[in-house]
Amino acid sequence: MPGEVILDVRDLHKSFGALKASDGISLDLRAGEIHALIGPNGAGKSTLIKQIAGGLKPDRGAVHFMGRDVSALSVAQRAHAGLARTFQISALAMEYTVMENAVLGAIGQSGRTFGFFRPAMKDRALLDSAAAALERVGLTDHASTITSELSHGQRRQLEVAVALTLAPKAFLMDEPMAGMGAEGSRELTGFLQDLKHQAPILLVEHDMDAVFALADRISVLVYGKIIATGNVDEIRSNADVKTAYLGEEDAA
Ligand code: ADP
Ligand code: MG
């Protein structure tokens, strides 16, 4: 059953010189789903995610989130509205503990600044919010671990915990499996399957096994245009998709 529309991307256009990286892209993300966005390198996937998150201004088109036009809002304003872009590893403070990183996320939520960090480590509400987020992603046992000592997969989980302190209403993820081994990918797959019930996920991912295992819907982006949207079976059997992306030539 399709859920309520949480994120609604309407006719986005973005050119870099003569290159149309977004050529009239419309798609939506509904409650309870993982909507995967796939397509060849250079198709414009990351460019689309950046425009949705607010870091890159479209030439035209609009982004509606929770029934509201957020096109004019900054990245921080969209994040506060509940649109969480996760898996930017550089956002973690590697020399801080796992708990400290989660508290930093909670400070962001409260609108206070970094200078508030020391007293924050004694603030019960912030600590509770951080601890709940760590528990949610299964990192409670690692609360005092220095972040740089976490495995790749655990860092991704910590990124989600940081995002969770913002009580997200939707997740944007650009290639979360990148650089992970098979085991890490499997772990993260199970984790995302669970996470989507908390907030739907717009997932850009190269790992087709993960996409086919996870996605409720898939959109295929080629040269800045979505050429197909459908469930896993529909996308697998779509002749245009096979030709343009999945690399099979039996479409004729
Ligand atoms: P994908 O994530 O699907 O691999 P990108 O969105 O990163 O693709 O890039 C889409 C196209 O836009 C590519 O041809 C890329 O070189 C180009 N591009 C992306 N960002 C910029 C930029 N800031 N300036 C110029 N060209 C860009
Ligand atoms: Mg990309």
# chains A, B, ... in the order shown; residues from 1 in each chain; ligands from 1
call {"tool": "residues_near_ligand", "arguments": {"ligand": "ligand 2", "cutoff": "9 Å", "atoms": "only C-alpha atoms and all ligand atoms", "output": "count of residues only"}}
result
12
call {"tool": "residues_around", "arguments": {"residues": "A:Ser185", "least_positions_apart": "3", "cutoff": "9 Å", "atoms": "only C-alpha atoms", "output": "compact mmCIF listing (two decimals) with C-alpha atoms, in the first residue's frame"}}
result
# COMPACT_ATOMS: atom_id res chain seq x y z
CA GLY A 153 29.92 -0.13 8.88
CA PRO A 176 25.98 4.25 1.73
CA MET A 177 27.48 0.88 0.75
CA ALA A 178 30.46 2.44 -1.04
CA MET A 180 32.08 -1.62 2.43
CA GLY A 181 32.84 -5.32 2.27
CA ALA A 182 30.18 -7.94 1.61
CA LEU A 188 23.64 -2.24 6.51
CA THR A 189 20.99 -3.79 4.26
CA GLY A 190 19.25 -5.31 7.26
CA ASP A 207 25.26 -2.31 -5.32
CA ALA A 210 21.37 -4.43 -2.21
call {"tool": "atom_distance", "arguments": {"atom1": "atom CA of A:Leu166", "atom2": "atom CA of A:Leu37"}}
result
23.9 Å
call {"tool": "atom_distance", "arguments": {"atom1": "atom CA of A:Val222", "atom2": "atom CA of A:Leu203"}}
result
16.0 Å
call {"tool": "residues_around", "arguments": {"residues": "stretch 129-134 of chain A", "least_positions_apart": "3", "cutoff": "8 Å", "atoms": "only C-alpha atoms", "output": "ChimeraX atom specification"}}
result
/A:99,102-103,105-106,125-126,137-140,143,158,161-162,164-165
call {"tool": "write_last_selection", "arguments": {"atoms": "N, CA, C and O atoms", "output": "mmCIF file, in the first residue's frame"}}
result
data_model
loop_
_atom_site.group_PDB
_atom_site.id
_atom_site.type_symbol
_atom_site.label_atom_id
_atom_site.label_comp_id
_atom_site.auth_asym_id
_atom_site.auth_seq_id
_atom_site.Cartn_x
_atom_site.Cartn_y
_atom_site.Cartn_z
ATOM 1 N N MET A 99 29.600 8.555 21.721
ATOM 2 C CA MET A 99 28.597 9.317 22.461
ATOM 3 C C MET A 99 28.737 10.816 22.201
ATOM 4 O O MET A 99 27.743 11.522 22.012
ATOM 5 N N ALA A 102 27.220 11.707 18.957
ATOM 6 C CA ALA A 102 25.751 11.702 19.024
ATOM 7 C C ALA A 102 25.242 12.955 19.729
ATOM 8 O O ALA A 102 24.236 13.550 19.325
ATOM 9 N N VAL A 103 25.962 13.382 20.784
ATOM 10 C CA VAL A 103 25.569 14.611 21.491
ATOM 11 C C VAL A 103 25.717 15.825 20.571
ATOM 12 O O VAL A 103 24.866 16.719 20.565
ATOM 13 N N GLY A 105 25.227 15.871 17.493
ATOM 14 C CA GLY A 105 24.014 15.859 16.672
ATOM 15 C C GLY A 105 22.837 16.458 17.413
ATOM 16 O O GLY A 105 22.083 17.271 16.873
ATOM 17 N N ALA A 106 22.710 16.075 18.674
ATOM 18 C CA ALA A 106 21.597 16.583 19.478
ATOM 19 C C ALA A 106 21.714 18.080 19.727
ATOM 20 O O ALA A 106 20.729 18.808 19.768
ATOM 21 N N ALA A 125 18.922 16.002 29.055
ATOM 22 C CA ALA A 125 18.033 15.842 27.896
ATOM 23 C C ALA A 125 18.840 15.519 26.637
ATOM 24 O O ALA A 125 18.463 14.634 25.853
ATOM 25 N N LEU A 126 19.967 16.220 26.462
ATOM 26 C CA LEU A 126 20.807 15.962 25.294
ATOM 27 C C LEU A 126 21.414 14.565 25.357
ATOM 28 O O LEU A 126 21.442 13.837 24.372
ATOM 29 N N VAL A 137 20.505 2.374 16.789
ATOM 30 C CA VAL A 137 21.364 1.830 15.737
ATOM 31 C C VAL A 137 22.278 0.712 16.247
ATOM 32 O O VAL A 137 23.114 0.200 15.506
ATOM 33 N N GLY A 138 22.126 0.352 17.525
ATOM 34 C CA GLY A 138 22.908 -0.765 18.057
ATOM 35 C C GLY A 138 24.341 -0.412 18.428
ATOM 36 O O GLY A 138 25.209 -1.277 18.395
ATOM 37 N N LEU A 139 24.590 0.838 18.793
ATOM 38 C CA LEU A 139 25.964 1.231 19.150
ATOM 39 C C LEU A 139 26.128 1.523 20.644
ATOM 40 O O LEU A 139 27.164 2.059 21.054
ATOM 41 N N THR A 140 25.147 1.164 21.448
ATOM 42 C CA THR A 140 25.216 1.449 22.887
ATOM 43 C C THR A 140 26.518 0.933 23.508
ATOM 44 O O THR A 140 27.158 1.641 24.283
ATOM 45 N N ALA A 143 29.569 3.283 23.078
ATOM 46 C CA ALA A 143 29.392 4.702 23.394
ATOM 47 C C ALA A 143 30.713 5.396 23.741
ATOM 48 O O ALA A 143 30.930 6.546 23.370
ATOM 49 N N LEU A 158 26.719 5.152 13.044
ATOM 50 C CA LEU A 158 26.820 6.363 13.857
ATOM 51 C C LEU A 158 26.289 7.578 13.094
ATOM 52 O O LEU A 158 25.617 8.443 13.674
ATOM 53 N N ALA A 161 22.736 7.523 13.570
ATOM 54 C CA ALA A 161 22.389 7.942 14.930
ATOM 55 C C ALA A 161 22.396 9.467 15.038
ATOM 56 O O ALA A 161 21.497 10.067 15.624
ATOM 57 N N VAL A 162 23.424 10.096 14.466
ATOM 58 C CA VAL A 162 23.502 11.560 14.480
ATOM 59 C C VAL A 162 22.269 12.142 13.784
ATOM 60 O O VAL A 162 21.621 13.063 14.275
ATOM 61 N N LEU A 164 19.404 10.679 13.483
ATOM 62 C CA LEU A 164 18.197 10.355 14.252
ATOM 63 C C LEU A 164 17.917 11.383 15.347
ATOM 64 O O LEU A 164 16.767 11.591 15.730
ATOM 65 N N THR A 165 18.966 12.029 15.855
ATOM 66 C CA THR A 165 18.742 13.028 16.905
ATOM 67 C C THR A 165 17.955 14.221 16.350
ATOM 68 O O THR A 165 17.418 15.008 17.099
#
call {"tool": "select_by_dssp", "arguments": {"residues": "stretch 155-252 of chain A", "states": "alpha helix (DSSP H)", "output": "JSON, numbers by chain"}}
result
{"A": [155, 156, 157, 158, 159, 160, 161, 162, 163, 164, 182, 183, 184, 185, 186, 187, 188, 189, 190, 191, 192, 193, 194, 195, 208, 209, 210, 211, 212, 213, 214, 232, 233, 234, 235, 236, 239, 240, 241]}
call {"tool": "select_by_dssp", "arguments": {"residues": "stretch 2-100 of chain A", "states": "strand (DSSP E or B)", "output": "number ranges by chain"}}
result
A: 5-16, 19-30, 34-38, 60-65, 68-69, 83-86, 97
call {"tool": "write_last_selection", "arguments": {"atoms": "N, CA and C atoms", "output": "short mmCIF file (atom, residue, chain, number, x, y, z; two decimals), in the first residue's frame"}}
result
data_model
loop_
_atom_site.label_atom_id
_atom_site.label_comp_id
_atom_site.auth_asym_id
_atom_site.auth_seq_id
_atom_site.Cartn_x
_atom_site.Cartn_y
_atom_site.Cartn_z
N VAL A 5 2.63 10.86 0.65
CA VAL A 5 3.80 11.45 0.00
C VAL A 5 4.52 12.35 1.01
N ILE A 6 5.79 12.05 1.27
CA ILE A 6 6.58 12.82 2.23
C ILE A 6 7.44 13.85 1.50
N LEU A 7 8.03 13.40 0.41
CA LEU A 7 8.93 14.26 -0.37
C LEU A 7 8.46 14.25 -1.82
N ASP A 8 8.34 15.42 -2.40
CA ASP A 8 7.80 15.53 -3.76
C ASP A 8 8.71 16.45 -4.58
N VAL A 9 9.42 15.85 -5.50
CA VAL A 9 10.38 16.59 -6.34
C VAL A 9 9.69 16.89 -7.66
N ARG A 10 9.65 18.17 -8.02
CA ARG A 10 8.85 18.57 -9.16
C ARG A 10 9.68 19.25 -10.25
N ASP A 11 9.92 18.52 -11.31
CA ASP A 11 10.45 19.09 -12.56
C ASP A 11 11.76 19.87 -12.35
N LEU A 12 12.72 19.22 -11.70
CA LEU A 12 13.99 19.89 -11.45
C LEU A 12 14.86 19.93 -12.70
N HIS A 13 15.45 21.10 -12.92
CA HIS A 13 16.40 21.30 -14.02
C HIS A 13 17.67 21.88 -13.45
N LYS A 14 18.81 21.33 -13.88
CA LYS A 14 20.10 21.89 -13.49
C LYS A 14 21.12 21.63 -14.59
N SER A 15 21.71 22.70 -15.12
CA SER A 15 22.74 22.55 -16.14
C SER A 15 24.08 23.01 -15.60
N PHE A 16 25.14 22.33 -16.04
CA PHE A 16 26.51 22.80 -15.83
C PHE A 16 27.03 23.14 -17.22
N LEU A 19 25.94 20.95 -20.23
CA LEU A 19 25.53 19.63 -19.73
C LEU A 19 24.27 19.73 -18.87
N LYS A 20 23.22 19.00 -19.26
CA LYS A 20 22.00 18.97 -18.46
C LYS A 20 22.09 17.83 -17.45
N ALA A 21 22.49 18.16 -16.21
CA ALA A 21 22.66 17.12 -15.20
C ALA A 21 21.30 16.70 -14.63
N SER A 22 20.34 17.64 -14.57
CA SER A 22 18.95 17.31 -14.22
C SER A 22 18.09 17.90 -15.33
N ASP A 23 17.36 17.02 -15.99
CA ASP A 23 16.65 17.45 -17.20
C ASP A 23 15.14 17.20 -17.02
N GLY A 24 14.57 17.87 -16.02
CA GLY A 24 13.14 17.72 -15.78
C GLY A 24 12.84 16.49 -14.93
N ILE A 25 13.43 16.44 -13.72
CA ILE A 25 13.26 15.27 -12.85
C ILE A 25 12.10 15.47 -11.88
N SER A 26 11.17 14.51 -11.89
CA SER A 26 10.08 14.48 -10.91
C SER A 26 10.07 13.10 -10.28
N LEU A 27 9.97 13.06 -8.97
CA LEU A 27 9.78 11.78 -8.29
C LEU A 27 9.24 12.06 -6.90
N ASP A 28 8.70 11.03 -6.25
CA ASP A 28 8.27 11.24 -4.87
C ASP A 28 8.75 10.11 -3.98
N LEU A 29 8.71 10.38 -2.68
CA LEU A 29 9.10 9.42 -1.65
C LEU A 29 7.93 9.33 -0.68
N ARG A 30 7.48 8.09 -0.45
CA ARG A 30 6.27 7.91 0.38
C ARG A 30 6.59 7.22 1.70
N ILE A 34 11.49 2.38 0.78
CA ILE A 34 12.81 2.70 0.25
C ILE A 34 12.65 2.89 -1.25
N HIS A 35 12.92 4.09 -1.72
CA HIS A 35 12.87 4.39 -3.15
C HIS A 35 14.32 4.52 -3.61
N ALA A 36 14.76 3.55 -4.41
CA ALA A 36 16.15 3.56 -4.86
C ALA A 36 16.26 4.33 -6.17
N LEU A 37 17.36 5.08 -6.28
CA LEU A 37 17.66 5.81 -7.51
C LEU A 37 18.94 5.21 -8.07
N ILE A 38 18.82 4.60 -9.26
CA ILE A 38 20.00 3.97 -9.87
C ILE A 38 20.26 4.61 -11.24
N ARG A 60 15.54 25.45 -12.31
CA ARG A 60 14.11 25.60 -12.03
C ARG A 60 13.54 24.31 -11.50
N GLY A 61 12.28 24.38 -11.03
CA GLY A 61 11.67 23.23 -10.39
C GLY A 61 11.53 23.48 -8.90
N ALA A 62 10.90 22.55 -8.20
CA ALA A 62 10.62 22.76 -6.78
C ALA A 62 10.76 21.46 -5.99
N VAL A 63 11.04 21.60 -4.71
CA VAL A 63 11.07 20.48 -3.78
C VAL A 63 10.04 20.74 -2.69
N HIS A 64 9.07 19.84 -2.58
CA HIS A 64 8.07 19.94 -1.51
C HIS A 64 8.35 18.84 -0.49
N PHE A 65 8.29 19.21 0.79
CA PHE A 65 8.60 18.27 1.86
C PHE A 65 7.54 18.42 2.94
N ARG A 68 5.04 21.10 2.17
CA ARG A 68 5.47 22.50 2.18
C ARG A 68 6.57 22.68 1.14
N ASP A 69 6.55 23.82 0.44
CA ASP A 69 7.60 24.11 -0.54
C ASP A 69 8.85 24.55 0.21
N LEU A 83 14.53 16.70 7.04
CA LEU A 83 15.08 16.08 5.83
C LEU A 83 16.55 15.80 6.08
N ALA A 84 16.87 14.53 6.32
CA ALA A 84 18.21 14.18 6.79
C ALA A 84 19.06 13.60 5.69
N ARG A 85 20.16 14.27 5.38
CA ARG A 85 21.13 13.70 4.46
C ARG A 85 22.17 12.97 5.27
N THR A 86 22.27 11.67 5.11
CA THR A 86 23.19 10.89 5.94
C THR A 86 24.36 10.37 5.11
N THR A 97 34.48 10.58 21.02
CA THR A 97 33.83 9.28 21.22
C THR A 97 32.52 9.23 20.45
#
call {"tool": "closest_residue", "arguments": {"among": "A:Tyr245, A:Tyr223, A:Phe212, A:Phe191", "to": "ligand 1", "atoms": "only C-alpha atoms and all ligand atoms"}}
result
A:Tyr223
call {"tool": "closest_residue", "arguments": {"among": "A:Lys242, A:His206, A:Arg136, A:Lys196", "to": "ligand 1", "atoms": "only C-alpha atoms and all ligand atoms"}}
result
A:His206
call {"tool": "atom_distance", "arguments": {"atom1": "atom CA of A:Asp128", "atom2": "atom CA of A:Leu92"}}
result
19.5 Å
call {"tool": "closest_residue", "arguments": {"among": "A:Ile146, A:His152, A:Ile218, A:Ala91", "to": "A:Asp233", "atoms": "only C-alpha atoms"}}
result
A:Ile218
call {"tool": "closest_residue", "arguments": {"among": "A:Ala163, A:Ala31, A:Ile226, A:Ala239", "to": "ligand 1", "atoms": "only C-alpha atoms and all ligand atoms"}}
result
A:Ile226
call {"tool": "residues_around", "arguments": {"residues": "A:Gln77", "least_positions_apart": "3", "cutoff": "12 Å", "atoms": "only C-alpha atoms", "output": "count of residues only"}}
result
18
call {"tool": "closest_residue", "arguments": {"among": "A:Glu149, A:Ala244, A:Ala199, A:Asp216", "to": "A:Ala228", "atoms": "only C-alpha atoms"}}
result
A:Ala244
call {"tool": "closest_residue", "arguments": {"among": "A:His197, A:Lys122, A:Arg236, A:Lys225", "to": "ligand 1", "atoms": "only C-alpha atoms and all ligand atoms"}}
result
A:Lys225
